[in-house]
Amino acid sequence: MSSTLIDKSYMQLDGPATDLMTSAEQEKSTHEKLALTIPTLREAENIHGVLDHVRSVLDPLSIPYEILVVDDDSRDGTEEIVSAIAQDDPRVRLLVRKGQRGLSGAILYGWENTSAAILGVMDADLQHPPELLPKLVASIEAGHDLAIGSRYIAGGRLGDWNPIRKLLSVAAVWVTWPIQRRGLYAKDPMSGFFLVRRECVEGVQFQRSGFKLLLEVLVRGRIRSVEEIPLAFGQRYRGGSKASFKVAVDYGRLLARLYASRIGLMRD
């Protein structure tokens, strides 16, 4: 199912006049708001620590932000944990999807429910180090449209994957080269840790099933500049991987759609 990404009714009105603000408020108002989506599916063991960690990293940046936890009706306690945190910190918001699954769909659902100018995503399993967020934010504030936590550039690492999984990951990246846009090639188009300007994805109808939204953002978004930041992929602290045969099938369908679009057999 496809949908227009952003409803303009979410846009906020201008705030108070700057001459009524303190100097600290004026400085803060110059920063665009970040909405970081964290999709969850049975992440009750991880989510409290992740939210504490992310906020401890973002708070010193003095930027307006919110964290959108999009839970696919886990029923494992995730909803209760996030709700309790949100009561104390309104920057944390819980969105629950009923009867739906899929990482890409969860990310898009979060983005559809925010008015922030900068949209982002990271996993809830602690494999994406929150310490990378300041560099990603700085990249966007420096003028890039897309900032990617990349495992395949100098300084990046895949983590403790077995050789077969590493080979499959490299192959999955390799088959994207013909459909990536010239001059905007990303070495890690499969990353799940990135920030993008809202204006670059607004109105684009993305595939909601599957796990590889970044690839479609690269191919179909209005991206003019990309920066990759080295990402040392961490080890899952608790819980299990969500990888499955269905994930591979969804990726195959996405590739087929993007290849068809690239050679003119299918409209975007």
# chains A, B, ... in the order shown; residues from 1 in each chain; ligands from 1
>>> residues_around(residues="Gly155 of chain A", least_positions_apart="2", cutoff="7 Å", atoms="only C-alpha atoms", output="number ranges by chain")
A: 153, 157, 230
>>> closest_atom_pairs(of="segment 155-235 of chain A", to="segment 87-107 of chain A", cutoff="8 Å", atoms="only C-alpha atoms", output="CSV")
residue,atom,partner,partner_atom,distance
A:Gln207,CA,A:Ser104,CA,7.4
A:Arg208,CA,A:Gly105,CA,4.2
A:Ser209,CA,A:Gly102,CA,5.2
A:Gly210,CA,A:Gly102,CA,5.4
A:Phe211,CA,A:Leu103,CA,5.0
A:Lys212,CA,A:Ser104,CA,6.6
A:Leu213,CA,A:Ser104,CA,5.4
>>> write_last_selection(atoms="C-alpha atoms", output="PDB file, in the first residue's frame")
ATOM      1  CA  GLN A 207       7.215   0.837  -0.554  1.00  0.00           C
ATOM      2  CA  ARG A 208       5.931   0.238   2.957  1.00  0.00           C
ATOM      3  CA  SER A 209       6.931  -3.425   3.264  1.00  0.00           C
ATOM      4  CA  GLY A 210      10.495  -4.518   3.862  1.00  0.00           C
ATOM      5  CA  PHE A 211      13.547  -3.202   5.678  1.00  0.00           C
ATOM      6  CA  LYS A 212      15.477  -1.135   3.101  1.00  0.00           C
ATOM      7  CA  LEU A 213      13.915   2.315   2.968  1.00  0.00           C
TER       8      LEU A 213
END
>>> closest_residue(among="A:Met122, A:Leu214, A:Leu195, A:Ala138", to="Thr40 of chain A", atoms="only C-alpha atoms")
A:Met122
>>> atom_distance(atom1="atom CA of Tyr65 of chain A", atom2="atom CA of Ser150 of chain A")
22.7 Å
>>> select_by_dssp(residues="segment 54-239 of chain A", states="helix (DSSP H, G or I)", output="PyMOL selection string")
chain A and resi 54-61+78-88+103-112+130-141+163-174+198-200+213-220
>>> atom_distance(atom1="atom CA of Arg165 of chain A", atom2="atom CA of Ala248 of chain A")
12.6 Å
>>> residues_around(residues="Leu119 of chain A", least_positions_apart="2", cutoff="7 Å", atoms="only C-alpha atoms", output="list in words")
Leu34, Ala35, Leu36, Trp111, Ala116, Ala117, Leu195, Val196, Arg197 and Arg198 of chain A
>>> closest_residue(among="A:Leu231, A:Val201, A:Leu146, A:Leu218", to="Leu158 of chain A", atoms="only C-alpha atoms")
A:Leu231
